[in-house]
Amino acid sequence: MESDNENLPPITSPTVSIYQNADYVSGILQQIFSMPLVTSEMIATRGTNTQTTQGQEQGDVKASVELGFSGIGKANFGGGMGGSNATGEESLAERSTTRNFLYSQSYYLSAVRNELKKRNLVRYVTSKTDAKKVNPGDFVEYTAYFTPNQINALLDIATPELIAEITRYIFRMKINATDFNAFENPEEMRQFALNIETKAQAAAELSSTVAKVIRTDFRANHTREFYGQVGEEEEEVTAITICDNEHFIVQDEDRMLDGHFTVLGKVTSAVEEDVPILARNKLLNRVHPEVIDSFFDELKVKASDSNKSKLAEDFVNDAVDVALDSRISGDSFRVIPIAVFA
């Protein structure tokens, strides 16, 4: 006897998506089948019920007579009459049933994966060797542990508002309390304080504007870049996964950093080595990686020299990594994700 599982259609393991571009999924399905995408379906059924009823009426009439005979005693004589009446009734009733079906994005994603696999259009990347065999335009699927782009992570904290407040604070702190002692006239002192505040506000607005321009150049307001580590040791390769913020299904975009996730996507660049971290920027890509390395090396030295205690120096040199990677170390390739799921 066959089990119930043997009668089920073969499908891939159900997935839970944290990111899915519905437009990509719908577009791929329509290109595969060359037909419009069905978003909902309605099935209506009609039928009739036939009902028959029958009634039975029956009655009995009985009579008895008691007679007496001389010398014998008494005897009973009885008789009866019976009758029946049958009636029939037939009724017709019409019924209708309507069922609506809605196709979800999870269903479409499953359909896309199954069809791409059936047509051998998906390349699986598990190592650097696999990555070097794929070309721009190929569909790929890989499972990786993701880390954030360091600059995007920094921009999440260093918002234009925070930078403006820090600039305003630094500008104010440059003014010593003794500077006010030079004024004996309260009106002159008030004018001096107002002038300081005006300059601090101007500096804060300028720093905020610069921060917004940098965020725009890094596309931090609309995209997030994650580095997926695929393979191990000598076979390790980085899958640079560029996600659009609007297509995250969960509200927390950094859910990508919470474990291993699988990506179905399309390759946009072949494997490259030591790609500069500023390569995507329209303006800052002109900055050589060596300049970034030199800047943070000098920053680390100044931070260490400014602390006279041995404990503070060890904290800067060992406990805190005062640096920013200027390159994506090793081999890497870029991917536009269609979906990210577990």
# chains A, B, ... in the order shown; residues from 1 in each chain; ligands from 1

$ residues_around --residues "Thr98 of chain A" --least-positions-apart "4" --cutoff "7 Å" --atoms "only C-alpha atoms" --output "PyMOL selection string"
chain A and resi 42-45

$ residues_around --residues "segment 127-137 of chain A" --least-positions-apart "2" --cutoff "6 Å" --atoms "only C-alpha atoms" --output "PyMOL selection string"
chain A and resi 125+230-231+235-237+266-271

$ select_by_dssp --residues "segment 109-303 of chain A" --states "alpha helix (DSSP H)" --output "mmCIF file with N, CA and C atoms, in the first residue's frame"
data_model
loop_
_atom_site.group_PDB
_atom_site.id
_atom_site.type_symbol
_atom_site.label_atom_id
_atom_site.label_comp_id
_atom_site.auth_asym_id
_atom_site.auth_seq_id
_atom_site.Cartn_x
_atom_site.Cartn_y
_atom_site.Cartn_z
ATOM 1 N N LEU A 109 7.894 32.189 -5.941
ATOM 2 C CA LEU A 109 9.317 31.926 -5.743
ATOM 3 C C LEU A 109 9.612 30.444 -5.891
ATOM 4 N N SER A 110 8.757 29.611 -5.308
ATOM 5 C CA SER A 110 8.929 28.163 -5.444
ATOM 6 C C SER A 110 8.830 27.733 -6.903
ATOM 7 N N ALA A 111 7.878 28.327 -7.633
ATOM 8 C CA ALA A 111 7.726 27.993 -9.052
ATOM 9 C C ALA A 111 8.958 28.411 -9.858
ATOM 10 N N VAL A 112 9.495 29.591 -9.558
ATOM 11 C CA VAL A 112 10.688 30.064 -10.262
ATOM 12 C C VAL A 112 11.870 29.143 -10.011
ATOM 13 N N ARG A 113 12.109 28.802 -8.760
ATOM 14 C CA ARG A 113 13.245 27.916 -8.435
ATOM 15 C C ARG A 113 13.106 26.566 -9.131
ATOM 16 N N ASN A 114 11.897 25.995 -9.071
ATOM 17 C CA ASN A 114 11.688 24.681 -9.684
ATOM 18 C C ASN A 114 11.915 24.715 -11.192
ATOM 19 N N GLU A 115 11.390 25.745 -11.863
ATOM 20 C CA GLU A 115 11.525 25.811 -13.312
ATOM 21 C C GLU A 115 12.970 26.077 -13.733
ATOM 22 N N LEU A 116 13.653 26.961 -13.005
ATOM 23 C CA LEU A 116 15.055 27.231 -13.339
ATOM 24 C C LEU A 116 15.911 25.979 -13.161
ATOM 25 N N LYS A 117 15.603 25.208 -12.129
ATOM 26 C CA LYS A 117 16.359 23.972 -11.899
ATOM 27 C C LYS A 117 16.050 22.934 -12.975
ATOM 28 N N LYS A 118 14.764 22.834 -13.353
ATOM 29 C CA LYS A 118 14.392 21.866 -14.398
ATOM 30 C C LYS A 118 15.107 22.183 -15.710
ATOM 31 N N LYS A 128 35.367 29.085 -4.386
ATOM 32 C CA LYS A 128 35.958 30.011 -5.348
ATOM 33 C C LYS A 128 36.037 29.392 -6.733
ATOM 34 N N THR A 129 36.283 28.092 -6.786
ATOM 35 C CA THR A 129 36.347 27.409 -8.083
ATOM 36 C C THR A 129 35.013 27.497 -8.811
ATOM 37 N N ASP A 130 33.920 27.290 -8.061
ATOM 38 C CA ASP A 130 32.587 27.408 -8.659
ATOM 39 C C ASP A 130 32.328 28.836 -9.129
ATOM 40 N N ALA A 131 32.749 29.811 -8.334
ATOM 41 C CA ALA A 131 32.495 31.213 -8.664
ATOM 42 C C ALA A 131 33.199 31.629 -9.947
ATOM 43 N N GLN A 150 31.388 47.836 5.706
ATOM 44 C CA GLN A 150 31.807 48.651 6.849
ATOM 45 C C GLN A 150 31.372 50.105 6.712
ATOM 46 N N ILE A 151 31.417 50.640 5.517
ATOM 47 C CA ILE A 151 31.031 52.034 5.323
ATOM 48 C C ILE A 151 29.534 52.206 5.556
ATOM 49 N N ASN A 152 28.719 51.282 5.048
ATOM 50 C CA ASN A 152 27.283 51.371 5.290
ATOM 51 C C ASN A 152 26.961 51.260 6.774
ATOM 52 N N ALA A 153 27.695 50.383 7.472
ATOM 53 C CA ALA A 153 27.484 50.250 8.914
ATOM 54 C C ALA A 153 27.859 51.539 9.637
ATOM 55 N N LEU A 154 28.929 52.178 9.172
ATOM 56 C CA LEU A 154 29.351 53.448 9.771
ATOM 57 C C LEU A 154 28.328 54.544 9.495
ATOM 58 N N LEU A 155 27.794 54.573 8.279
ATOM 59 C CA LEU A 155 26.810 55.597 7.928
ATOM 60 C C LEU A 155 25.494 55.408 8.673
ATOM 61 N N ASP A 156 25.187 54.173 9.075
ATOM 62 C CA ASP A 156 23.983 53.942 9.872
ATOM 63 C C ASP A 156 24.068 54.643 11.220
ATOM 64 N N ILE A 157 25.294 54.740 11.736
ATOM 65 C CA ILE A 157 25.499 55.387 13.037
ATOM 66 C C ILE A 157 25.748 56.881 12.859
ATOM 67 N N PRO A 160 23.497 62.294 9.401
ATOM 68 C CA PRO A 160 23.717 63.745 9.264
ATOM 69 C C PRO A 160 23.335 64.525 10.519
ATOM 70 N N GLU A 161 22.291 64.088 11.209
ATOM 71 C CA GLU A 161 21.872 64.774 12.429
ATOM 72 C C GLU A 161 22.918 64.641 13.527
ATOM 73 N N LEU A 162 23.483 63.422 13.672
ATOM 74 C CA LEU A 162 24.500 63.218 14.699
ATOM 75 C C LEU A 162 25.761 64.020 14.389
ATOM 76 N N ILE A 163 26.172 64.009 13.124
ATOM 77 C CA ILE A 163 27.373 64.751 12.738
ATOM 78 C C ILE A 163 27.179 66.252 12.970
ATOM 79 N N ALA A 164 25.996 66.751 12.704
ATOM 80 C CA ALA A 164 25.718 68.173 12.934
ATOM 81 C C ALA A 164 25.822 68.522 14.410
ATOM 82 N N GLU A 165 25.288 67.658 15.264
ATOM 83 C CA GLU A 165 25.353 67.923 16.699
ATOM 84 C C GLU A 165 26.784 67.848 17.222
ATOM 85 N N ILE A 166 27.564 66.885 16.711
ATOM 86 C CA ILE A 166 28.960 66.781 17.138
ATOM 87 C C ILE A 166 29.746 68.017 16.697
ATOM 88 N N THR A 167 29.521 68.452 15.473
ATOM 89 C CA THR A 167 30.203 69.653 14.970
ATOM 90 C C THR A 167 29.839 70.871 15.806
ATOM 91 N N ARG A 168 28.563 71.016 16.129
ATOM 92 C CA ARG A 168 28.116 72.142 16.947
ATOM 93 C C ARG A 168 28.763 72.098 18.340
ATOM 94 N N TYR A 169 28.862 70.902 18.895
ATOM 95 C CA TYR A 169 29.462 70.750 20.231
ATOM 96 C C TYR A 169 30.952 71.094 20.210
ATOM 97 N N ILE A 170 31.663 70.588 19.192
ATOM 98 C CA ILE A 170 33.102 70.863 19.101
ATOM 99 C C ILE A 170 33.356 72.361 18.936
ATOM 100 N N PHE A 171 32.542 72.998 18.120
ATOM 101 C CA PHE A 171 32.726 74.429 17.880
ATOM 102 C C PHE A 171 32.504 75.222 19.167
ATOM 103 N N ARG A 172 31.521 74.843 19.949
ATOM 104 C CA ARG A 172 31.248 75.542 21.201
ATOM 105 C C ARG A 172 32.365 75.323 22.219
ATOM 106 N N MET A 173 32.895 74.099 22.240
ATOM 107 C CA MET A 173 33.916 73.775 23.234
ATOM 108 C C MET A 173 35.229 74.512 22.988
ATOM 109 N N PRO A 186 27.242 93.895 29.369
ATOM 110 C CA PRO A 186 26.409 92.709 29.137
ATOM 111 C C PRO A 186 25.919 92.592 27.692
ATOM 112 N N GLU A 187 25.656 93.725 27.062
ATOM 113 C CA GLU A 187 25.192 93.674 25.683
ATOM 114 C C GLU A 187 26.270 93.160 24.750
ATOM 115 N N GLU A 188 27.520 93.572 24.980
ATOM 116 C CA GLU A 188 28.637 93.070 24.163
ATOM 117 C C GLU A 188 28.842 91.576 24.399
ATOM 118 N N MET A 189 28.702 91.149 25.629
ATOM 119 C CA MET A 189 28.835 89.720 25.954
ATOM 120 C C MET A 189 27.734 88.902 25.258
ATOM 121 N N ARG A 190 26.512 89.431 25.265
ATOM 122 C CA ARG A 190 25.412 88.743 24.595
ATOM 123 C C ARG A 190 25.645 88.670 23.098
ATOM 124 N N GLN A 191 26.177 89.733 22.522
ATOM 125 C CA GLN A 191 26.461 89.748 21.094
ATOM 126 C C GLN A 191 27.563 88.762 20.748
ATOM 127 N N PHE A 192 28.555 88.648 21.624
ATOM 128 C CA PHE A 192 29.649 87.694 21.413
ATOM 129 C C PHE A 192 29.123 86.254 21.436
ATOM 130 N N ALA A 193 28.255 85.956 22.408
ATOM 131 C CA ALA A 193 27.675 84.609 22.499
ATOM 132 C C ALA A 193 26.805 84.299 21.289
ATOM 133 N N LEU A 194 26.046 85.296 20.833
ATOM 134 C CA LEU A 194 25.202 85.100 19.660
ATOM 135 C C LEU A 194 26.038 84.840 18.418
ATOM 136 N N ASN A 195 27.167 85.521 18.300
ATOM 137 C CA ASN A 195 28.062 85.319 17.162
ATOM 138 C C ASN A 195 28.641 83.908 17.161
ATOM 139 N N ILE A 196 28.998 83.413 18.359
ATOM 140 C CA ILE A 196 29.518 82.047 18.474
ATOM 141 C C ILE A 196 28.461 81.028 18.037
ATOM 142 N N GLU A 197 27.244 81.230 18.510
ATOM 143 C CA GLU A 197 26.173 80.292 18.187
ATOM 144 C C GLU A 197 25.851 80.316 16.691
ATOM 145 N N THR A 198 25.919 81.478 16.080
ATOM 146 C CA THR A 198 25.673 81.582 14.642
ATOM 147 C C THR A 198 26.716 80.819 13.843
ATOM 148 N N LYS A 199 27.982 80.952 14.233
ATOM 149 C CA LYS A 199 29.053 80.230 13.552
ATOM 150 C C LYS A 199 28.930 78.713 13.773
ATOM 151 N N ALA A 200 28.561 78.318 14.993
ATOM 152 C CA ALA A 200 28.389 76.888 15.284
ATOM 153 C C ALA A 200 27.258 76.295 14.449
ATOM 154 N N GLN A 201 26.173 77.048 14.305
ATOM 155 C CA GLN A 201 25.045 76.578 13.511
ATOM 156 C C GLN A 201 25.422 76.460 12.037
ATOM 157 N N ALA A 202 26.177 77.421 11.541
ATOM 158 C CA ALA A 202 26.620 77.365 10.141
ATOM 159 C C ALA A 202 27.514 76.157 9.893
ATOM 160 N N ALA A 203 28.450 75.910 10.824
ATOM 161 C CA ALA A 203 29.345 74.756 10.689
ATOM 162 C C ALA A 203 28.563 73.449 10.772
ATOM 163 N N ALA A 204 27.543 73.390 11.649
ATOM 164 C CA ALA A 204 26.726 72.178 11.789
ATOM 165 C C ALA A 204 25.938 71.903 10.514
ATOM 166 N N GLU A 205 25.366 72.930 9.924
ATOM 167 C CA GLU A 205 24.597 72.754 8.686
ATOM 168 C C GLU A 205 25.491 72.306 7.538
ATOM 169 N N LEU A 206 26.700 72.862 7.479
ATOM 170 C CA LEU A 206 27.623 72.456 6.423
ATOM 171 C C LEU A 206 28.020 70.993 6.584
ATOM 172 N N SER A 207 28.350 70.576 7.800
ATOM 173 C CA SER A 207 28.748 69.187 8.035
ATOM 174 C C SER A 207 27.587 68.230 7.751
ATOM 175 N N SER A 208 26.353 68.639 8.084
ATOM 176 C CA SER A 208 25.192 67.800 7.802
ATOM 177 C C SER A 208 24.983 67.636 6.302
ATOM 178 N N THR A 209 25.174 68.727 5.555
ATOM 179 C CA THR A 209 25.028 68.665 4.097
ATOM 180 C C THR A 209 26.063 67.747 3.476
ATOM 181 N N VAL A 210 27.296 67.845 3.953
ATOM 182 C CA VAL A 210 28.359 66.978 3.444
ATOM 183 C C VAL A 210 28.036 65.515 3.743
ATOM 184 N N ALA A 211 27.539 65.254 4.942
ATOM 185 C CA ALA A 211 27.182 63.879 5.312
ATOM 186 C C ALA A 211 26.079 63.333 4.414
ATOM 187 N N LYS A 212 25.100 64.182 4.078
ATOM 188 C CA LYS A 212 24.020 63.744 3.189
ATOM 189 C C LYS A 212 24.542 63.439 1.786
ATOM 190 N N VAL A 213 25.483 64.243 1.308
ATOM 191 C CA VAL A 213 26.069 64.003 -0.011
ATOM 192 C C VAL A 213 26.823 62.678 -0.019
ATOM 193 N N ILE A 214 27.555 62.405 1.052
ATOM 194 C CA ILE A 214 28.306 61.149 1.142
ATOM 195 C C ILE A 214 27.340 59.968 1.168
ATOM 196 N N ARG A 215 26.253 60.078 1.951
ATOM 197 C CA ARG A 215 25.266 59.002 1.997
ATOM 198 C C ARG A 215 24.642 58.767 0.618
ATOM 199 N N THR A 216 24.405 59.852 -0.108
ATOM 200 C CA THR A 216 23.847 59.721 -1.449
ATOM 201 C C THR A 216 24.825 59.025 -2.383
ATOM 202 N N ASP A 217 26.103 59.373 -2.278
ATOM 203 C CA ASP A 217 27.115 58.750 -3.131
ATOM 204 C C ASP A 217 27.263 57.263 -2.822
ATOM 205 N N PRO A 289 42.964 53.336 -2.721
ATOM 206 C CA PRO A 289 42.896 52.605 -1.451
ATOM 207 C C PRO A 289 44.063 52.910 -0.519
ATOM 208 N N GLU A 290 45.229 53.195 -1.092
ATOM 209 C CA GLU A 290 46.393 53.497 -0.253
ATOM 210 C C GLU A 290 46.159 54.749 0.599
ATOM 211 N N VAL A 291 45.395 55.702 0.086
ATOM 212 C CA VAL A 291 45.102 56.921 0.841
ATOM 213 C C VAL A 291 44.275 56.583 2.078
ATOM 214 N N ILE A 292 43.302 55.688 1.922
ATOM 215 C CA ILE A 292 42.474 55.281 3.059
ATOM 216 C C ILE A 292 43.314 54.547 4.099
ATOM 217 N N ASP A 293 44.188 53.656 3.642
ATOM 218 C CA ASP A 293 45.059 52.929 4.576
ATOM 219 C C ASP A 293 45.945 53.897 5.354
ATOM 220 N N SER A 294 46.523 54.872 4.658
ATOM 221 C CA SER A 294 47.409 55.845 5.300
ATOM 222 C C SER A 294 46.647 56.701 6.312
ATOM 223 N N PHE A 295 45.423 57.094 5.961
ATOM 224 C CA PHE A 295 44.635 57.945 6.853
ATOM 225 C C PHE A 295 44.330 57.238 8.164
ATOM 226 N N PHE A 296 43.893 56.000 8.090
ATOM 227 C CA PHE A 296 43.521 55.294 9.323
ATOM 228 C C PHE A 296 44.748 54.850 10.121
ATOM 229 N N ASP A 297 45.869 54.610 9.451
ATOM 230 C CA ASP A 297 47.105 54.328 10.188
ATOM 231 C C ASP A 297 47.518 55.549 11.012
ATOM 232 N N GLU A 298 47.419 56.721 10.406
ATOM 233 C CA GLU A 298 47.773 57.951 11.119
ATOM 234 C C GLU A 298 46.784 58.234 12.243
ATOM 235 N N LEU A 299 45.498 57.954 11.995
ATOM 236 C CA LEU A 299 44.485 58.156 13.021
ATOM 237 C C LEU A 299 44.745 57.252 14.224
ATOM 238 N N LYS A 300 45.153 56.037 13.956
ATOM 239 C CA LYS A 300 45.438 55.104 15.047
ATOM 240 C C LYS A 300 46.638 55.563 15.858
ATOM 241 N N VAL A 301 47.657 56.084 15.186
ATOM 242 C CA VAL A 301 48.843 56.569 15.891
ATOM 243 C C VAL A 301 48.490 57.758 16.771
ATOM 244 N N LYS A 302 47.708 58.692 16.243
ATOM 245 C CA LYS A 302 47.325 59.863 17.022
ATOM 246 C C LYS A 302 46.467 59.479 18.216
ATOM 247 N N ALA A 303 45.564 58.530 18.013
ATOM 248 C CA ALA A 303 44.708 58.101 19.119
ATOM 249 C C ALA A 303 45.533 57.431 20.212
#

$ atom_distance --atom1 "atom CA of Val122 of chain A" --atom2 "atom CA of Pro148 of chain A"
25.7 Å

$ atom_distance --atom1 "atom CA of Met35 of chain A" --atom2 "atom CA of Asp23 of chain A"
15.3 Å

$ atom_distance --atom1 "atom CA of Phe218 of chain A" --atom2 "atom CA of Ile242 of chain A"
11.9 Å

$ select_by_dssp --residues "segment 105-233 of chain A" --states "strand (DSSP E or B)" --output "list in words"
Val122, Arg123, Tyr124, Phe139, Val140, Glu141, Tyr142, Thr143, Ala144, Tyr145, Phe146, Thr147, Pro148, Thr223, Arg224, Glu225, Phe226, Tyr227, Gly228, Gln229 and Val230 of chain A

$ closest_residue --among "A:Thr262, A:Thr223, A:Ser34, A:Glu233" --to "Asn245 of chain A" --atoms "only C-alpha atoms"
A:Thr223
